[in-house]
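Asks: Structure: protein.cif, mmCIF, C-alpha atoms.
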data_query
loop_
_atom_site.label_atom_id
_atom_site.label_comp_id
_atom_site.auth_asym_id
_atom_site.auth_seq_id
_atom_site.Cartn_x
_atom_site.Cartn_y
_atom_site.Cartn_z
CA MET Z 1 4.41 1.96 -17.25
CA ILE Z 2 3.07 4.74 -15.04
CA LYS Z 3 5.37 6.44 -12.54
CA PRO Z 4 3.97 7.90 -9.32
CA ASP Z 5 3.24 11.62 -9.56
CA TYR Z 6 5.00 12.86 -6.44
CA HIS Z 7 4.92 16.41 -7.82
CA GLY Z 8 1.33 17.00 -6.75
CA GLY Z 9 -0.78 14.00 -7.72
CA SER Z 10 0.04 11.08 -5.41
CA LEU Z 11 -1.07 9.66 -2.08
CA VAL Z 12 1.95 11.31 -0.49
CA ASN Z 13 0.80 14.70 -1.74
CA LEU Z 14 -2.66 14.06 -0.27
CA MET Z 15 -1.04 13.61 3.13
CA GLN Z 16 0.98 16.78 2.62
CA SER Z 17 -2.29 18.64 2.06
CA LEU Z 18 -3.57 17.34 5.37
CA ARG Z 19 -0.34 18.44 7.02
CA ALA Z 20 -0.65 21.91 5.58
CA ALA Z 21 -4.37 22.27 6.38
CA LEU Z 22 -4.03 21.05 9.95
CA GLY Z 23 -1.02 23.20 10.70
CA THR Z 24 1.31 20.32 11.48
CA GLY Z 25 4.16 21.34 9.21
CA GLY Z 26 5.03 19.71 5.92
CA SER Z 27 7.87 18.06 4.08
CA ASP Z 28 10.14 20.27 2.05
CA ALA Z 29 10.47 17.36 -0.38
CA CYS Z 30 6.76 16.94 -1.21
CA LEU Z 31 4.11 19.43 -2.25
CA PRO Z 32 0.44 19.44 -1.26
CA LEU Z 33 -2.00 17.76 -3.63
CA THR Z 34 -2.89 20.01 -6.54
CA GLY Z 35 -6.54 21.02 -6.73
CA LEU Z 36 -7.46 20.12 -3.15
CA ASP Z 37 -8.87 23.08 -1.22
CA LEU Z 38 -6.80 23.47 1.93
CA LYS Z 39 -9.30 25.93 3.38
CA GLU Z 40 -12.07 23.34 3.04
CA LEU Z 41 -9.91 20.80 4.88
CA ALA Z 42 -9.01 23.22 7.66
CA ALA Z 43 -12.60 24.40 8.12
CA ALA Z 44 -14.11 20.93 8.64
CA ARG Z 45 -14.61 19.98 12.30
CA HIS Z 46 -14.11 16.31 11.51
CA ILE Z 47 -11.99 14.79 8.74
CA LEU Z 48 -12.34 11.10 7.95
CA LEU Z 49 -9.74 9.44 5.74
CA VAL Z 50 -11.22 6.16 4.46
CA VAL Z 51 -8.69 3.84 2.81
CA ILE Z 52 -10.21 0.93 0.85
CA ASP Z 53 -7.42 -1.53 0.18
CA GLY Z 54 -7.22 -2.37 -3.53
CA LEU Z 55 -9.93 -0.01 -4.77
CA GLY Z 56 -8.20 1.15 -7.93
CA GLU Z 57 -9.84 3.53 -10.34
CA ASN Z 58 -10.22 0.59 -12.74
CA VAL Z 59 -12.42 -1.19 -10.19
CA LEU Z 60 -14.77 1.80 -10.00
CA ARG Z 61 -15.04 1.78 -13.78
CA GLN Z 62 -16.50 -1.72 -13.59
CA PHE Z 63 -19.47 -0.32 -11.67
CA PRO Z 64 -20.38 2.95 -13.43
CA ASP Z 65 -23.83 3.14 -11.85
CA SER Z 66 -22.59 2.83 -8.27
CA SER Z 67 -22.69 5.75 -5.87
CA LEU Z 68 -18.94 5.63 -5.47
CA ALA Z 69 -18.37 5.75 -9.24
CA ARG Z 70 -20.85 8.61 -9.65
CA ALA Z 71 -19.30 10.66 -6.85
CA SER Z 72 -17.18 13.58 -7.94
CA ARG Z 73 -13.59 12.44 -7.74
CA ARG Z 74 -10.10 12.87 -9.09
CA ILE Z 75 -7.45 10.29 -9.88
CA LEU Z 76 -4.30 9.98 -7.81
CA THR Z 77 -1.28 7.77 -8.24
CA SER Z 78 -0.12 5.35 -5.61
CA VAL Z 79 3.55 5.03 -4.66
CA PHE Z 80 6.04 2.48 -5.96
CA PRO Z 81 5.79 -0.38 -5.54
CA THR Z 82 2.00 -0.31 -5.69
CA THR Z 83 1.48 -2.45 -2.65
CA THR Z 84 -0.09 -2.20 0.78
CA ALA Z 85 3.19 -2.38 2.69
CA SER Z 86 4.67 0.63 0.90
CA ALA Z 87 1.51 2.67 0.27
CA ILE Z 88 -0.07 2.30 3.72
CA THR Z 89 3.25 3.21 5.30
CA SER Z 90 3.32 6.31 3.09
CA LEU Z 91 -0.22 7.19 4.15
CA LEU Z 92 0.61 6.68 7.83
CA THR Z 93 3.86 8.64 7.71
CA GLY Z 94 3.15 11.16 4.96
CA ARG Z 95 6.47 10.19 3.35
CA PRO Z 96 7.36 8.41 0.09
CA PRO Z 97 9.04 4.99 0.13
CA ARG Z 98 12.43 6.58 -0.49
CA GLN Z 99 12.18 8.15 2.96
CA HIS Z 100 10.58 5.32 4.97
CA ALA Z 101 12.30 2.39 3.17
CA VAL Z 102 9.38 -0.03 3.23
CA THR Z 103 9.81 -1.46 -0.24
CA GLY Z 104 7.45 -4.44 -0.30
CA TRP Z 105 5.76 -7.28 1.54
CA PHE Z 106 9.06 -9.20 1.87
CA GLN Z 107 12.12 -7.26 3.01
CA TRP Z 108 15.69 -8.14 3.79
CA LEU Z 109 16.50 -6.72 7.22
CA ARG Z 110 20.24 -6.77 7.51
CA GLU Z 111 20.03 -5.65 11.16
CA ALA Z 112 18.60 -9.10 12.00
CA GLY Z 113 19.97 -11.08 9.06
CA VAL Z 114 16.50 -12.25 7.96
CA VAL Z 115 13.97 -11.79 5.20
CA ALA Z 116 10.87 -10.43 6.93
CA THR Z 117 7.18 -10.27 6.12
CA ILE Z 118 7.03 -6.67 7.15
CA LEU Z 119 3.40 -5.89 8.07
CA PRO Z 120 2.80 -9.00 10.21
CA PHE Z 121 6.34 -8.34 11.52
CA VAL Z 122 7.51 -11.93 11.30
CA THR Z 123 10.24 -13.78 9.44
CA ARG Z 124 9.28 -15.02 5.99
CA ALA Z 125 10.65 -18.49 6.77
CA GLY Z 126 8.88 -19.96 9.77
CA GLY Z 127 6.87 -16.89 10.74
CA VAL Z 128 8.97 -16.08 13.81
CA ASP Z 129 7.94 -12.87 15.59
CA LEU Z 130 10.68 -10.35 14.86
CA ARG Z 131 10.39 -9.05 18.41
CA LYS Z 132 11.87 -12.37 19.56
CA LEU Z 133 14.94 -11.48 17.50
CA GLY Z 134 15.32 -8.19 19.33
CA LEU Z 135 13.64 -5.97 16.74
CA SER Z 136 10.78 -3.53 17.14
CA VAL Z 137 8.67 -1.77 14.54
CA PRO Z 138 10.05 1.68 15.52
CA GLN Z 139 13.56 0.36 14.86
CA VAL Z 140 12.68 -0.98 11.42
CA ILE Z 141 10.23 1.78 10.40
CA ASP Z 142 11.70 4.77 12.17
CA THR Z 143 9.80 7.47 10.26
CA ARG Z 144 7.58 9.53 12.55
CA PRO Z 145 3.85 8.63 12.33
CA PHE Z 146 1.75 11.27 10.59
CA LEU Z 147 -0.91 11.25 13.30
CA ALA Z 148 1.69 12.15 15.93
CA ASP Z 149 1.92 15.63 14.40
CA VAL Z 150 -1.81 16.33 14.10
CA GLU Z 151 -3.09 18.94 16.53
CA ARG Z 152 -6.53 17.33 16.80
CA THR Z 153 -8.04 14.31 18.47
CA CYS Z 154 -6.95 11.37 16.31
CA ARG Z 155 -8.69 8.02 16.04
CA ALA Z 156 -7.98 4.92 14.00
CA TRP Z 157 -10.48 2.23 13.03
CA LEU Z 158 -9.01 -1.08 11.89
CA PRO Z 159 -10.20 -4.69 11.62
CA GLU Z 160 -10.12 -6.51 14.94
CA ALA Z 161 -7.48 -8.91 13.62
CA ILE Z 162 -4.86 -6.16 13.17
CA VAL Z 163 -5.93 -3.32 15.44
CA ASN Z 164 -3.34 -4.24 18.08
CA SER Z 165 -0.62 -5.57 15.78
CA PRO Z 166 2.92 -4.20 16.28
CA TYR Z 167 2.66 -2.34 12.95
CA SER Z 168 -0.74 -0.79 13.73
CA THR Z 169 0.14 0.31 17.25
CA THR Z 170 3.32 1.99 16.03
CA LEU Z 171 2.19 3.65 12.81
CA THR Z 172 -1.17 4.96 14.09
CA ALA Z 173 0.28 6.33 17.33
CA PRO Z 174 -0.92 8.27 19.28
CA ALA Z 175 -4.46 7.78 17.93
CA VAL Z 176 -7.13 6.03 19.94
CA ARG Z 177 -7.50 2.71 18.12
CA THR Z 178 -10.77 0.82 17.76
CA GLY Z 179 -11.26 -2.59 16.21
CA TYR Z 180 -14.34 -3.46 14.20
CA ALA Z 181 -15.83 -6.78 13.14
CA SER Z 182 -17.84 -5.77 10.05
CA LEU Z 183 -18.62 -2.88 7.73
CA GLU Z 184 -21.95 -2.44 9.49
CA ARG Z 185 -20.30 -2.14 12.90
CA LEU Z 186 -17.70 0.20 11.49
CA GLY Z 187 -20.33 2.58 10.14
CA GLU Z 188 -22.32 2.54 13.36
CA GLY Z 189 -19.23 3.21 15.42
CA LEU Z 190 -18.08 6.12 13.29
CA VAL Z 191 -21.44 7.86 13.41
CA GLN Z 192 -21.70 7.40 17.17
CA GLN Z 193 -18.16 8.65 17.65
CA LEU Z 194 -18.71 11.88 15.75
CA ARG Z 195 -22.09 12.62 17.29
CA LEU Z 196 -21.02 11.97 20.90
CA GLN Z 197 -17.54 13.46 20.75
CA PRO Z 198 -17.78 16.81 19.00
CA GLU Z 199 -14.18 18.04 19.46
CA PRO Z 200 -12.27 18.54 16.17
CA SER Z 201 -10.85 15.26 14.98
CA LEU Z 202 -9.03 13.33 12.29
CA THR Z 203 -10.07 9.71 11.85
CA TRP Z 204 -8.14 7.04 9.93
CA ILE Z 205 -10.27 4.15 8.60
CA TYR Z 206 -8.86 1.08 6.88
CA TRP Z 207 -10.87 -1.71 5.20
CA PRO Z 208 -8.90 -4.58 3.59
CA GLU Z 209 -11.59 -7.07 2.50
CA LEU Z 210 -11.91 -5.92 -1.12
CA ASP Z 211 -8.19 -6.44 -1.66
CA SER Z 212 -8.33 -9.91 -0.11
CA CYS Z 213 -11.30 -10.89 -2.28
CA MET Z 214 -9.61 -9.74 -5.49
CA HIS Z 215 -6.42 -11.59 -4.61
CA HIS Z 216 -8.32 -14.86 -4.30
CA GLU Z 217 -11.17 -14.43 -6.79
CA GLY Z 218 -9.98 -11.82 -9.29
CA VAL Z 219 -10.90 -8.25 -10.12
CA ALA Z 220 -13.83 -9.09 -12.41
CA SER Z 221 -15.19 -11.97 -10.31
CA PRO Z 222 -18.80 -12.27 -9.07
CA ALA Z 223 -17.48 -12.31 -5.49
CA THR Z 224 -15.80 -8.95 -6.03
CA ALA Z 225 -19.03 -7.51 -7.46
CA VAL Z 226 -21.00 -8.66 -4.41
CA LEU Z 227 -18.48 -7.19 -2.00
CA PHE Z 228 -18.26 -3.94 -3.92
CA GLU Z 229 -22.05 -3.60 -3.79
CA ALA Z 230 -21.89 -3.94 0.01
CA LEU Z 231 -19.18 -1.28 0.14
CA ASP Z 232 -21.22 1.05 -2.04
CA GLU Z 233 -24.28 0.66 0.18
CA TRP Z 234 -22.13 1.29 3.24
CA TRP Z 235 -20.78 4.48 1.69
CA VAL Z 236 -24.28 5.79 0.96
CA GLY Z 237 -25.42 5.03 4.49
CA LEU Z 238 -22.35 6.51 6.15
CA THR Z 239 -22.44 9.82 4.31
CA ARG Z 240 -26.19 10.09 4.92
CA GLU Z 241 -25.82 9.43 8.66
CA LEU Z 242 -22.96 11.92 8.96
CA ALA Z 243 -25.11 14.80 7.66
CA GLY Z 244 -25.06 17.63 10.15
CA THR Z 245 -21.80 16.62 11.83
CA ASP Z 246 -19.63 19.16 9.97
CA SER Z 247 -17.52 16.31 8.57
CA LEU Z 248 -15.43 15.98 5.44
CA VAL Z 249 -14.93 12.43 4.22
CA LEU Z 250 -11.97 11.60 1.99
CA LEU Z 251 -12.08 8.14 0.39
CA THR Z 252 -9.11 6.69 -1.45
CA ALA Z 253 -7.12 3.46 -1.87
CA ASP Z 254 -3.55 2.31 -1.48
CA HIS Z 255 -3.29 0.72 -4.95
CA GLY Z 256 -5.29 -0.94 -7.70
CA HIS Z 257 -5.42 -4.53 -8.96
CA ILE Z 258 -5.10 -6.54 -12.16
CA ASP Z 259 -6.04 -10.12 -12.92
CA THR Z 260 -3.36 -12.69 -13.63
CA ALA Z 261 -3.45 -16.39 -14.54
CA ALA Z 262 -1.48 -19.55 -13.83
CA ASP Z 263 0.27 -19.37 -17.21
CA ARG Z 264 1.49 -15.87 -16.29
CA HIS Z 265 3.31 -17.06 -13.16
CA VAL Z 266 7.06 -17.26 -13.61
CA ARG Z 267 8.42 -19.75 -11.06
CA LEU Z 268 12.00 -19.15 -9.96
CA GLU Z 269 12.40 -22.91 -9.40
CA GLN Z 270 12.06 -23.36 -13.16
CA HIS Z 271 15.03 -21.05 -13.71
CA PRO Z 272 17.86 -22.63 -11.68
CA GLU Z 273 20.54 -20.66 -13.52
CA LEU Z 274 18.89 -17.42 -12.43
CA ARG Z 275 18.35 -18.67 -8.89
CA ASP Z 276 22.01 -19.62 -8.59
CA CYS Z 277 22.96 -15.98 -9.17
CA LEU Z 278 21.10 -14.86 -6.04
CA THR Z 279 22.30 -14.61 -2.45
CA LEU Z 280 18.79 -14.30 -0.98
CA PRO Z 281 15.23 -15.34 -1.82
CA LEU Z 282 13.27 -12.91 -3.95
CA CYS Z 283 12.19 -9.94 -1.88
CA GLY Z 284 9.82 -7.06 -2.53
CA GLU Z 285 6.74 -8.09 -4.48
CA PRO Z 286 5.66 -10.60 -7.16
CA ARG Z 287 5.39 -7.81 -9.77
CA ALA Z 288 8.37 -5.82 -8.50
CA ALA Z 289 10.86 -8.39 -7.23
CA SER Z 290 14.02 -7.24 -5.47
CA CYS Z 291 17.02 -9.36 -6.39
CA TYR Z 292 20.23 -9.69 -4.37
CA VAL Z 293 22.89 -10.86 -6.79
CA ARG Z 294 26.29 -12.43 -6.14
CA PRO Z 295 28.96 -9.85 -7.10
CA ARG Z 296 30.70 -12.25 -9.50
CA ALA Z 297 27.40 -13.30 -11.07
CA ARG Z 298 26.05 -9.90 -12.07
CA GLN Z 299 26.83 -10.17 -15.74
CA ARG Z 300 25.45 -13.68 -15.89
CA PHE Z 301 22.31 -12.49 -14.07
CA GLU Z 302 21.80 -9.56 -16.45
CA ASP Z 303 22.37 -11.73 -19.52
CA TYR Z 304 19.87 -14.33 -18.35
CA VAL Z 305 17.12 -11.84 -17.53
CA THR Z 306 17.52 -9.83 -20.73
CA THR Z 307 17.46 -12.94 -22.91
CA GLN Z 308 15.43 -15.66 -21.18
CA LEU Z 309 12.95 -13.40 -19.34
CA ALA Z 310 12.74 -10.46 -21.75
CA GLY Z 311 9.12 -11.18 -22.57
CA TYR Z 312 8.12 -11.24 -18.94
CA CYS Z 313 9.90 -8.38 -17.21
CA THR Z 314 12.08 -5.30 -17.43
CA LEU Z 315 15.39 -5.40 -15.56
CA LEU Z 316 16.08 -2.22 -13.62
CA PRO Z 317 19.11 -1.56 -11.42
CA ALA Z 318 17.77 -0.53 -8.03
CA ALA Z 319 19.92 2.59 -8.03
CA ASP Z 320 18.28 3.69 -11.28
CA LEU Z 321 14.80 3.32 -9.78
CA VAL Z 322 15.80 5.65 -6.97
CA ALA Z 323 17.57 8.14 -9.25
CA GLN Z 324 14.60 8.25 -11.64
CA GLY Z 325 12.23 9.14 -8.82
CA TRP Z 326 10.13 5.97 -8.66
CA LEU Z 327 10.34 5.90 -4.87
CA GLY Z 328 9.86 9.61 -4.39
CA PRO Z 329 11.88 12.73 -3.66
CA GLY Z 330 13.99 13.70 -0.69
CA GLU Z 331 16.90 12.06 1.06
CA SER Z 332 17.05 8.29 0.99
CA HIS Z 333 16.53 6.38 4.20
CA PRO Z 334 19.87 4.93 5.43
CA GLU Z 335 18.55 1.37 4.90
CA LEU Z 336 16.92 1.96 1.51
CA ASP Z 337 19.72 0.46 -0.58
CA SER Z 338 19.96 -2.68 1.53
CA ARG Z 339 16.18 -3.20 1.47
CA LEU Z 340 15.76 -2.57 -2.25
CA GLY Z 341 18.46 -4.97 -3.39
CA ASP Z 342 20.69 -4.80 -6.44
CA TYR Z 343 18.06 -5.09 -9.18
CA VAL Z 344 14.28 -5.00 -9.48
CA LEU Z 345 12.39 -7.20 -11.92
CA LEU Z 346 9.46 -5.05 -13.00
CA MET Z 347 6.95 -7.44 -14.53
CA LYS Z 348 5.23 -6.74 -17.85
CA ASP Z 349 1.55 -7.18 -18.75
CA ASN Z 350 0.03 -9.35 -15.98
CA TYR Z 351 3.05 -11.54 -15.25
CA VAL Z 352 4.37 -12.27 -11.77
CA ILE Z 353 7.58 -13.93 -10.56
CA LYS Z 354 7.71 -15.97 -7.37
CA ASP Z 355 9.83 -18.40 -5.43
CA THR Z 356 8.62 -20.79 -2.73
CA LEU Z 357 10.39 -21.36 0.58
CA GLY Z 358 10.05 -24.33 2.91
CA ASP Z 359 6.43 -24.98 3.79
CA GLU Z 360 5.07 -21.95 1.90
CA ARG Z 361 2.11 -22.59 -0.33
CA PRO Z 362 2.82 -22.08 -4.03
CA PHE Z 363 1.68 -18.69 -5.29
CA SER Z 364 -1.84 -18.93 -6.71
CA PHE Z 365 -3.40 -15.46 -6.54
CA ALA Z 366 -5.95 -14.53 -9.20
CA GLY Z 367 -5.57 -10.79 -8.65
CA VAL Z 368 -2.24 -9.03 -8.14
CA HIS Z 369 -0.63 -5.64 -7.75
CA SER Z 370 2.74 -3.96 -7.03
CA GLY Z 371 3.60 -3.26 -10.68
CA ALA Z 372 3.52 -0.06 -12.69
CA SER Z 373 0.47 -0.59 -14.89
CA ARG Z 374 -2.24 2.06 -14.99
CA GLU Z 375 -4.64 -0.39 -13.32
CA GLU Z 376 -2.31 -0.84 -10.34
CA MET Z 377 -1.11 2.76 -10.10
CA GLU Z 378 -4.30 4.84 -10.37
CA VAL Z 379 -6.55 5.24 -7.35
CA PRO Z 380 -9.57 7.48 -6.77
CA LEU Z 381 -9.97 10.34 -4.33
CA ILE Z 382 -13.54 11.19 -3.37
CA VAL Z 383 -14.10 14.32 -1.27
CA GLN Z 384 -17.55 14.27 0.34
CA PRO Z 385 -18.68 17.15 2.61
CA CYS Z 386 -21.22 16.15 5.29
CA GLY Z 387 -22.05 19.56 6.73
#
Let me see whether you can do it: turn the structure in this file into structure tokens.
Replies:
Amino acid sequence: MIKPDYHGGSLVNLMQSLRAALGTGGSDACLPLTGLDLKELAAARHILLVVIDGLGENVLRQFPDSSLARASRRILTSVFPTTTASAITSLLTGRPPRQHAVTGWFQWLREAGVVATILPFVTRAGGVDLRKLGLSVPQVIDTRPFLADVERTCRAWLPEAIVNSPYSTTLTAPAVRTGYASLERLGEGLVQQLRLQPEPSLTWIYWPELDSCMHHEGVASPATAVLFEALDEWWVGLTRELAGTDSLVLLTADHGHIDTAADRHVRLEQHPELRDCLTLPLCGEPRAASCYVRPRARQRFEDYVTTQLAGYCTLLPAADLVAQGWLGPGESHPELDSRLGDYVLLMKDNYVIKDTLGDERPFSFAGVHSGASREEMEVPLIVQPCG
């Protein structure tokens, strides 16, 4: 298992470098990224932070002859859990999960008494908009957006489907948001933006399609190879077209991916004795499941996991995860304990654990993440000057 390197080698530290270089103030709990030239960051007229969802370092190794793989880069760690909900929130706030308390795709929100699917901002059961229950994203994720402290023009490019979502509008504030329909349109828009609007800027770019493809087809699938080739061509074209704009492009990812298989899916329904110990559905992630256990059933829960599930997962008290630094340094968010649960099942090898509620489709992903394997934890950072 690989722990995040919050001491100078994680996504959070990358954001601290941007804070320091752009004069926005930093966090006394997190250091800047080691080895990243702050003077180079500060001197660039335009900084572009390109986040490719799911592009772990292990994915780049599959394509050693690609331009992205041949680019000079260093390896960073993600946060824990290694999932979009937690890592993107860290990138958009500059804070580790311990401080923003987004601990997975599914979260128990005691303020509303529901398990939520946090990024779409709906209830897990029934998909009810949380705003109809009186909640807002700033109430649930009350950590200040990183871009709000940047003393430059800020822009955010996101897929059209999510550019105006409650999460996007809150966490990218006060950036000017633009939706895009394709990689081609994204590249054209970025080049036009930087050539027509020369004032110093910081641009956030997010592309989720590689992650989606690997979830459905697998990391080593032909479909992933085709999509990666398109991404690589886009990267070559973008950096070529940005020549002469005094830009610095940083490309990274929120997490990596591993392949799983149907015989590696642990179904909670097949373990009724374990399920009966719980007060809530499984929360968090399929490779880092948060468990809320009945107080009188704790010993029974621990005994069952350590005997019947020992080959599939490691049982970790949630408090130990926090104390051991898995979720980062600093003071814990007031809601962290309630959102992390009592225990976390950290899955071994390429196992996942899932339950199914109501009309949910049974879990069938081919590619997964959120665990602590090297494949899920390590992401690249490419620094490309376009002077």
Asks: Rank nothing, just name the residue among Z:Met347, Z:Val379, Z:Leu38, Z:Leu251 nearest to Ala71 (chain Z), using all atoms listed in the file.
Replies: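 Checking each candidate against Ala71 (chain Z), we get Z:Leu251 as the closest.
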Asks: Using the chain letters and numbers from the file, give me the residues hit by the PyMOL selection byres ((chain Z and resi 206) around 6), as a PyMOL selection string.
Replies: chain Z and resi 51+158+205+207
Asks: Considering all atoms listed in the file, state which residue in the set Z:Val368, Z:Leu186, Z:Leu278, Z:Leu11 is at the smallest distance from Leu231 (chain Z).
Replies: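 Closest to Leu231 (chain Z) of all the choices is Z:Leu186.
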Asks: Could you tell me which residues the PyMOL selection byres ((chain Z and resi 23) around 12) grabs in this file, written as a VMD selection string?
Replies: chain Z and resid 16 to 22 24 to 26 38 to 39 41 to 43 149 to 152
Asks: My list of candidates is Z:Gln62, Z:Thr84, Z:Ser10, Z:Thr245. Which is closest to Phe228 (chain Z) when distances are computed with all atoms listed in the file?
Replies: Z:Gln62
Asks: Check the smallest atom-to-atom distance from each of Z:Met377, Z:Leu196, Z:Ile88, Z:Thr103 to Gly256 (chain Z) using all atoms listed in the file, then report the winner.
Replies: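 Of all the options, Z:Met377 lies closest to Gly256 (chain Z).
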Asks: Counting all atoms listed in the file, which residues in region 21-94 of chain Z sit no more than 7 Å from region 145-148 of chain Z? For each one, give the nearest pair of atoms and the distance in Å, sorted by chain then residue number, as a Markdown table.
Replies:
| residue | atom | partner | partner_atom | distance |
| --- | --- | --- | --- | --- |
| Z:Leu92 | CA | Z:Phe146 | CA | 5.5 |
| Z:Thr93 | CA | Z:Phe146 | CA | 4.4 |
| Z:Gly94 | CA | Z:Phe146 | CA | 5.8 |
Asks: Measure the distance from CA of Pro281 (chain Z) to CA of Lys348 (chain Z) in Å and round it to one decimal.
Replies: 20.8 Å
Asks: Could you list, as a PyMOL selection string, every residue within 7 Å of Ala156 (chain Z), counting all atoms listed in the file and ignoring same-chain residues fewer than 6 positions away?
Replies: chain Z and resi 172+175-178+203-205
Asks: Decode the PyMOL selection byres ((chain Z and resi 362) around 12) for the given file into explicit residues and return them as a PyMOL selection string.
Replies: chain Z and resi 262+265-269+353-361+363-365
Asks: Restricting the calculation to all atoms listed in the file, which member of Z:Gln270, Z:Thr252, Z:Ser86, Z:Ser290 is positioned closest to Asp342 (chain Z)?
Replies: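 Of Z:Gln270, Z:Thr252, Z:Ser86, Z:Ser290, the one nearest Asp342 (chain Z) is Z:Ser290, counting all atoms listed in the file.
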Asks: Please compute the CA of Thr123 (chain Z)-CA of Ser136 (chain Z) distance, one decimal, in Å.
Replies: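 So the two atoms, CA of Thr123 (chain Z) and CA of Ser136 (chain Z), lie 12.8 Å apart.
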Asks: To one decimal place in Å, what is the distance between CA of Pro208 (chain Z) and CA of Asp5 (chain Z)?
Replies: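 Between these atoms lies a distance of 24.1 Å.
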Asks: Fewer than 2 positions away in the same chain doesn't count, so skip those; otherwise give me all residues within 12 Å of Val122 (chain Z), counting all atoms listed in the file, as an NGL selection string.
Replies: :Z and (105-109 or 112 or 114-120 or 124-137 or 165-167)
Asks: As AutoDock Vina command-line options, please: the centre and edge lengths in Å, to one decimal, of an axis-aligned box enclosing every listed atom of region 55-59 of chain Z with 8 Å added on each side.
Replies:
--center_x -10.3 --center_y 1.2 --center_z -8.8 --size_x 20.2 --size_y 20.7 --size_z 24.0
Asks: Name the closest residue to Pro4 (chain Z) among the candidates Z:Leu345, Z:Leu327, Z:Ala220, Z:Ala85; distances are taken between atoms, counting all atoms listed in the file.
Replies: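 Under the stated criterion, the closest residue is Z:Leu327.
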Asks: I want to know what sits within 12 Å of Arg298 (chain Z), based on all atoms listed in the file, with residues of the same chain fewer than 5 positions away left out; could you give that as an NGL selection string?
Replies: :Z and (274 or 276-279 or 291-293 or 303-305 or 317 or 342-343)
